[in-house]
>>> print(open('coords_19.cif').read())   # mmCIF, C-alpha atoms
data_final
loop_
_atom_site.label_atom_id
_atom_site.label_comp_id
_atom_site.auth_asym_id
_atom_site.auth_seq_id
_atom_site.Cartn_x
_atom_site.Cartn_y
_atom_site.Cartn_z
CA MET Q 52 6.52 -24.63 4.24
CA ALA Q 53 5.65 -21.32 2.58
CA ALA Q 54 3.83 -18.76 4.71
CA TYR Q 55 1.20 -18.23 2.01
CA GLU Q 56 -0.77 -20.55 -0.23
CA PHE Q 57 -0.29 -19.31 -3.78
CA ASN Q 58 -1.95 -22.20 -5.61
CA ALA Q 59 -5.51 -21.25 -4.64
CA PRO Q 60 -7.11 -18.13 -6.13
CA ARG Q 61 -7.65 -15.27 -3.70
CA LEU Q 62 -10.56 -12.83 -3.52
CA PHE Q 63 -11.41 -9.77 -1.46
CA LEU Q 64 -14.97 -9.96 -0.12
CA ASP Q 65 -16.39 -7.14 1.98
CA ILE Q 66 -18.48 -9.42 4.18
CA PRO Q 67 -18.23 -10.63 7.81
CA MET Q 68 -16.23 -13.86 7.87
CA ARG Q 69 -16.87 -16.89 10.06
CA GLU Q 70 -17.21 -20.61 9.54
CA GLY Q 71 -20.26 -21.58 7.50
CA VAL Q 72 -20.92 -18.18 5.94
CA ARG Q 73 -22.31 -18.52 2.40
CA HIS Q 74 -21.69 -15.76 -0.12
CA GLY Q 75 -23.20 -15.48 -3.58
CA LEU Q 76 -20.56 -14.41 -6.06
CA ASP Q 77 -21.28 -11.54 -8.42
CA ARG Q 78 -21.18 -12.20 -12.16
CA ALA Q 79 -17.55 -11.10 -12.62
CA GLN Q 80 -16.28 -13.20 -9.71
CA ALA Q 81 -18.23 -16.26 -10.80
CA ASN Q 82 -16.99 -15.90 -14.38
CA TYR Q 83 -13.40 -15.57 -13.15
CA LEU Q 84 -13.55 -18.75 -11.04
CA LEU Q 85 -15.79 -20.94 -13.21
CA SER Q 86 -14.91 -19.87 -16.76
CA VAL Q 87 -11.42 -18.33 -16.61
CA LEU Q 88 -9.85 -20.57 -13.96
CA ARG Q 89 -12.24 -23.49 -14.61
CA LYS Q 90 -12.64 -24.25 -10.92
CA ALA Q 91 -15.02 -27.04 -9.94
CA THR Q 92 -17.28 -27.87 -7.00
CA GLY Q 93 -15.41 -28.09 -3.71
CA GLU Q 94 -12.20 -26.49 -4.93
CA PRO Q 95 -10.65 -24.03 -2.46
CA VAL Q 96 -10.62 -20.25 -2.74
CA LEU Q 97 -8.89 -17.98 -0.23
CA VAL Q 98 -10.90 -14.93 0.83
CA PHE Q 99 -10.25 -11.93 3.07
CA ASN Q 100 -12.00 -8.69 4.05
CA GLY Q 101 -9.20 -6.71 5.69
CA ARG Q 102 -10.63 -7.31 9.16
CA ASP Q 103 -11.13 -11.01 9.91
CA GLY Q 104 -7.95 -12.60 8.56
CA GLU Q 105 -7.85 -15.00 5.64
CA TRP Q 106 -10.32 -17.87 5.16
CA ARG Q 107 -10.51 -20.99 3.04
CA ALA Q 108 -13.78 -21.20 1.17
CA GLU Q 109 -15.17 -23.83 -1.20
CA ILE Q 110 -17.00 -23.35 -4.47
CA GLU Q 111 -20.60 -24.49 -4.70
CA PRO Q 112 -22.05 -23.84 -8.20
CA THR Q 113 -25.66 -22.69 -8.21
CA GLY Q 114 -26.08 -22.60 -11.97
CA ARG Q 115 -24.14 -22.85 -15.20
CA LYS Q 116 -22.52 -19.46 -14.64
CA ALA Q 117 -23.26 -18.83 -10.97
CA ALA Q 118 -21.76 -20.03 -7.73
CA ASP Q 119 -21.60 -19.51 -3.97
CA LEU Q 120 -18.55 -19.57 -1.75
CA VAL Q 121 -18.93 -21.31 1.62
CA LEU Q 122 -16.37 -20.38 4.28
CA ARG Q 123 -14.82 -23.41 5.96
CA ALA Q 124 -11.86 -22.40 8.14
CA GLN Q 125 -9.54 -19.52 8.88
CA THR Q 126 -6.10 -20.01 7.34
CA ARG Q 127 -4.41 -16.89 8.79
CA PRO Q 128 -5.45 -14.53 11.60
CA GLN Q 129 -5.67 -10.82 10.94
CA THR Q 130 -2.34 -9.10 11.51
CA PRO Q 131 -2.04 -5.44 12.51
CA PRO Q 132 -1.21 -3.17 9.56
CA GLY Q 133 1.89 -1.02 9.46
CA ASP Q 134 1.79 2.73 9.84
CA LEU Q 135 3.22 4.16 6.63
CA HIS Q 136 1.54 6.98 4.74
CA TYR Q 137 2.33 7.30 1.04
CA LEU Q 138 1.85 10.89 -0.16
CA PHE Q 139 2.35 11.50 -3.86
CA ALA Q 140 1.60 13.97 -6.62
CA PRO Q 141 -0.93 12.37 -9.01
CA LEU Q 142 0.43 10.78 -12.16
CA LYS Q 143 -1.10 9.92 -15.51
CA ALA Q 144 -3.44 6.94 -15.51
CA ALA Q 145 -1.14 4.04 -16.41
CA ARG Q 146 1.60 5.08 -14.00
CA LEU Q 147 -0.94 5.85 -11.29
CA ASP Q 148 -2.24 2.27 -11.49
CA TYR Q 149 1.30 0.97 -11.12
CA VAL Q 150 2.12 3.23 -8.17
CA ALA Q 151 -1.07 2.32 -6.31
CA GLN Q 152 -0.36 -1.40 -6.67
CA LYS Q 153 3.29 -1.08 -5.63
CA ALA Q 154 2.43 1.08 -2.62
CA VAL Q 155 0.10 -1.66 -1.36
CA GLU Q 156 2.71 -4.36 -2.01
CA MET Q 157 5.28 -2.31 -0.08
CA GLY Q 158 3.03 -1.98 2.97
CA ALA Q 159 1.50 1.50 2.74
CA SER Q 160 -1.32 1.86 5.25
CA LEU Q 161 -2.63 5.09 3.68
CA ILE Q 162 -2.49 6.38 0.11
CA GLN Q 163 -2.93 10.14 -0.26
CA PRO Q 164 -2.73 12.01 -3.58
CA VAL Q 165 -1.26 15.48 -3.06
CA VAL Q 166 -1.90 18.41 -5.40
CA THR Q 167 1.20 20.47 -6.21
CA ARG Q 168 1.94 23.38 -8.52
CA ARG Q 169 3.37 21.07 -11.19
CA THR Q 170 0.92 18.19 -10.87
CA GLN Q 171 0.13 16.91 -14.37
CA GLY Q 172 -2.07 13.88 -13.72
CA ASP Q 173 -5.75 13.65 -14.47
CA ARG Q 174 -8.44 13.92 -11.82
CA ILE Q 175 -8.01 11.10 -9.32
CA LYS Q 176 -10.64 8.37 -9.50
CA LEU Q 177 -10.83 6.91 -6.00
CA ASP Q 178 -12.76 3.86 -7.15
CA LYS Q 179 -9.93 2.97 -9.52
CA LEU Q 180 -7.32 3.49 -6.80
CA HIS Q 181 -9.35 1.20 -4.56
CA ALA Q 182 -9.64 -1.44 -7.29
CA ASN Q 183 -5.88 -1.39 -7.82
CA ALA Q 184 -5.31 -1.74 -4.08
CA ILE Q 185 -7.61 -4.77 -3.95
CA GLU Q 186 -5.92 -6.39 -6.95
CA ALA Q 187 -2.47 -5.99 -5.37
CA ALA Q 188 -3.66 -7.36 -2.03
CA GLU Q 189 -5.34 -10.35 -3.69
CA GLN Q 190 -2.24 -11.27 -5.67
CA CYS Q 191 0.33 -10.78 -2.91
CA GLY Q 192 -1.26 -12.42 0.12
CA ILE Q 193 -1.85 -9.10 1.88
CA LEU Q 194 -4.49 -9.08 4.63
CA SER Q 195 -5.04 -5.33 5.15
CA LEU Q 196 -6.16 -2.74 2.62
CA PRO Q 197 -4.81 0.81 2.92
CA GLU Q 198 -7.02 3.79 3.60
CA ILE Q 199 -7.36 5.81 0.40
CA ARG Q 200 -8.01 9.54 0.70
CA ASP Q 201 -9.10 12.04 -1.88
CA ALA Q 202 -6.55 14.43 -3.34
CA ALA Q 203 -5.70 17.44 -1.18
CA PRO Q 204 -3.35 20.43 -1.51
CA LEU Q 205 0.21 19.93 -0.30
CA ALA Q 206 -0.02 22.50 2.52
CA GLU Q 207 -3.25 20.95 3.82
CA THR Q 208 -1.75 17.44 3.71
CA LEU Q 209 1.36 18.51 5.62
CA ALA Q 210 -0.71 20.29 8.27
CA ALA Q 211 -2.76 17.14 8.82
CA LEU Q 212 0.30 15.00 9.68
CA ALA Q 213 0.71 14.26 13.38
CA PRO Q 214 3.87 15.89 14.79
CA GLU Q 215 5.31 12.52 15.83
CA ARG Q 216 5.08 11.12 12.28
CA LEU Q 217 8.50 11.10 10.60
CA LEU Q 218 8.19 12.51 7.08
CA VAL Q 219 10.65 11.25 4.48
CA PHE Q 220 10.98 13.95 1.83
CA CYS Q 221 12.32 12.65 -1.49
CA ASP Q 222 14.22 15.74 -2.57
CA GLU Q 223 16.10 15.67 -5.86
CA ASP Q 224 18.15 18.64 -4.62
CA ALA Q 225 19.28 16.93 -1.41
CA PRO Q 226 23.00 16.14 -1.21
CA VAL Q 227 23.75 12.67 -2.56
CA ALA Q 228 24.58 10.65 0.56
CA ASP Q 229 23.99 7.24 2.11
CA PRO Q 230 20.16 7.00 2.37
CA ILE Q 231 20.32 4.16 4.88
CA ALA Q 232 22.50 6.22 7.22
CA ALA Q 233 20.22 9.25 6.80
CA LEU Q 234 17.10 7.22 7.62
CA THR Q 235 18.76 5.48 10.57
CA GLN Q 236 19.85 8.81 12.04
CA ALA Q 237 16.44 10.44 11.49
CA GLY Q 238 14.65 7.42 12.94
CA ALA Q 239 16.81 7.44 16.05
CA ALA Q 240 16.17 11.15 16.53
CA ALA Q 241 12.43 10.49 16.21
CA GLY Q 242 12.50 7.68 18.79
CA ALA Q 243 12.88 4.48 16.77
CA ASP Q 244 15.20 1.79 18.15
CA VAL Q 245 16.74 0.19 15.07
CA VAL Q 246 18.36 -2.59 17.14
CA SER Q 247 15.19 -3.76 18.90
CA GLY Q 248 13.05 -3.31 15.81
CA SER Q 249 10.64 -0.80 17.35
CA THR Q 250 8.78 1.25 14.78
CA LEU Q 251 7.31 4.73 14.57
CA PRO Q 252 4.67 6.44 12.42
CA LEU Q 253 6.10 7.13 8.98
CA ALA Q 254 5.18 9.09 5.88
CA VAL Q 255 6.81 9.44 2.47
CA VAL Q 256 6.18 12.36 0.12
CA ILE Q 257 7.09 12.27 -3.58
CA GLY Q 258 6.61 15.16 -5.96
CA PRO Q 259 5.40 15.38 -9.56
CA GLU Q 260 7.54 14.61 -12.60
CA GLY Q 261 8.49 18.28 -12.84
CA GLY Q 262 9.56 18.31 -9.19
CA PHE Q 263 8.45 20.52 -6.32
CA THR Q 264 8.70 24.28 -6.71
CA PRO Q 265 11.23 26.10 -4.48
CA GLU Q 266 8.33 27.35 -2.35
CA GLU Q 267 6.97 23.82 -1.90
CA ARG Q 268 10.41 22.46 -1.04
CA ALA Q 269 10.78 25.18 1.59
CA LEU Q 270 7.35 24.38 3.00
CA ILE Q 271 8.17 20.69 3.37
CA GLY Q 272 11.64 21.34 4.74
CA ALA Q 273 10.28 23.72 7.38
CA ARG Q 274 8.22 20.95 8.98
CA ALA Q 275 9.76 19.49 12.13
CA ASN Q 276 10.48 15.74 12.14
CA THR Q 277 11.26 15.69 8.41
CA VAL Q 278 14.27 14.13 6.70
CA ARG Q 279 15.41 15.12 3.20
CA LEU Q 280 16.45 12.06 1.26
CA SER Q 281 18.41 11.69 -1.95
CA LEU Q 282 17.71 8.55 -3.96
CA GLY Q 283 21.12 8.62 -5.61
CA PRO Q 284 22.92 10.36 -8.47
CA ARG Q 285 20.28 9.54 -11.10
CA ILE Q 286 16.97 11.30 -11.65
CA LEU Q 287 14.16 8.76 -11.24
CA ARG Q 288 10.67 8.87 -12.64
CA ALA Q 289 8.07 9.42 -9.96
CA ASP Q 290 6.78 5.84 -10.16
CA THR Q 291 10.31 4.43 -9.92
CA ALA Q 292 11.12 6.72 -6.99
CA ALA Q 293 8.04 5.43 -5.18
CA VAL Q 294 9.23 1.83 -5.18
CA ALA Q 295 12.80 2.82 -4.31
CA VAL Q 296 11.95 4.96 -1.30
CA LEU Q 297 9.26 2.65 0.07
CA ALA Q 298 11.72 -0.24 -0.06
CA LEU Q 299 14.36 1.82 1.74
CA VAL Q 300 12.01 3.09 4.42
CA GLN Q 301 10.55 -0.33 5.14
CA ALA Q 302 13.99 -1.95 5.28
CA VAL Q 303 15.49 0.64 7.65
CA LEU Q 304 12.55 1.83 9.78
CA GLY Q 305 9.49 -0.21 8.84
CA ASP Q 306 8.26 -3.78 8.98
CA GLY Q 307 10.95 -5.06 6.60
CA ARG Q 308 13.37 -5.41 9.51
CA SER Q 309 13.91 -8.52 11.61
CA LYS Q 310 12.58 -8.15 15.13
CA ILE Q 311 15.15 -9.31 17.69
#
>>> encode(input="coords_19.cif", output="structure tokens")
Amino acid sequence: MAAYEFNAPRLFLDIPMREGVRHGLDRAQANYLLSVLRKATGEPVLVFNGRDGEWRAEIEPTGRKAADLVLRAQTRPQTPPGDLHYLFAPLKAARLDYVAQKAVEMGASLIQPVVTRRTQGDRIKLDKLHANAIEAAEQCGILSLPEIRDAAPLAETLAALAPERLLVFCDEDAPVADPIAALTQAGAAAGADVVSGSTLPLAVVIGPEGGFTPEERALIGARANTVRLSLGPRILRADTAAVAVLALVQAVLGDGRSKI
């Protein structure tokens, strides 16, 4: 049997969740369930709040275009989130939406825009980042939402990282080598046991489309507990690089590994 129920629609609701709780849907949510999906009385909806696990709720219409959800039973308990910070130079709007959604799907626990010398993106709208995070979590069965921080300068962001957090620096000038071997070696040096599946705090930093300046690359490289990583012989767009490195990091050092 599949771990997740994909047939029922799924909604994020920022409310306490327990059996019997009744929640009045806002106009957009009611329209989505009643008019777009054409759901009827008693049909199930999965809901979550990022704290209390996932719950099965039932639709109770209260008018032609209005409805309540009544929580009936918990379907999955809350699981602890991973510990992976995604640090990235802001992108233009369409690509930023994509990156935010993919970071959530790949298990980022924190999303932090970083301002660099060559940053070209527009001013970051945190409410839009949050909306994209919710949409990705709703669609992919994710129980925890990442923390989303406002944009901060690169130097300030690096200084705020805990010393024990391994920083994966996507450096286009790094020697092309086996990224899995590089991550395994860096993880072992930082205290991760790849065999037992133990994890450690992680962060990934990706620069703007024009790349980091030499001064910024030197600043990142001077931080202890940092590994420079090449993503191969091809130059990737920033949004493509995000998916590639998050997949690598999760597979080698994160929650994508089997626990023995």
>>> closest_residue(input="coords_19.cif", among="Q:Gly104, Q:Gly238, Q:Gly133, Q:Pro226", to="Asn276 (chain Q)", atoms="all atoms listed in the file")
Q:Gly238
>>> resolve_selection(input="coords_19.cif", expression="the PyMOL selection byres ((chain Q and resi 201) around 12)", output="number ranges by chain")
Q: 138-141, 161-166, 174-181, 198-200, 202-204, 208
>>> resolve_selection(input="coords_19.cif", expression="the PyMOL selection byres ((chain Q and resi 274) around 12)", output="list of chain:residue names")
Q:Ala206, Q:Thr208, Q:Leu209, Q:Ala210, Q:Ala211, Q:Leu212, Q:Ala213, Q:Pro214, Q:Glu215, Q:Arg216, Q:Leu217, Q:Leu218, Q:Val219, Q:Phe220, Q:Glu267, Q:Arg268, Q:Ala269, Q:Leu270, Q:Ile271, Q:Gly272, Q:Ala273, Q:Ala275, Q:Asn276, Q:Thr277, Q:Val278, Q:Arg279
>>> atom_distance(input="coords_19.cif", atom1="CA of Asn100 (chain Q)", atom2="CA of Leu194 (chain Q)")
7.5 Å
>>> residues_near_point(input="coords_19.cif", point="(-16.6, -23.4, -9.6)", cutoff="6 Å", atoms="only C-alpha atoms", output="MDAnalysis selection string")
chainID Q and resid 84:85 90:92 110 112
>>> atom_distance(input="coords_19.cif", atom1="CA of Ala233 (chain Q)", atom2="CA of Pro131 (chain Q)")
27.3 Å
>>> residues_around(input="coords_19.cif", residues="Ala232 (chain Q)", least_positions_apart="3", cutoff="12 Å", atoms="only C-alpha atoms", output="list in words")
Val227, Ala228, Asp229, Thr235, Gln236, Ala237, Gly238, Ala239, Val245, Val278, Leu280, Ser281, Leu299, Val300, Ala302, Val303 and Leu304 of chain Q
>>> closest_residue(input="coords_19.cif", among="Q:Glu186, Q:Glu156, Q:Asp77, Q:Glu105", to="Ala117 (chain Q)", atoms="all atoms listed in the file")
Q:Asp77
>>> closest_residue(input="coords_19.cif", among="Q:Ala295, Q:Val72, Q:Ile257, Q:Ala151", to="Leu205 (chain Q)", atoms="all atoms listed in the file")
Q:Ile257
>>> atom_distance(input="coords_19.cif", atom1="CA of Arg123 (chain Q)", atom2="CA of Arg107 (chain Q)")
5.7 Å
>>> resolve_selection(input="coords_19.cif", expression="the PyMOL selection byres ((chain Q and resi 188) around 10)", output="PyMOL selection string")
chain Q and resi 61-63+99+101+152+155-156+158+182-187+189-197
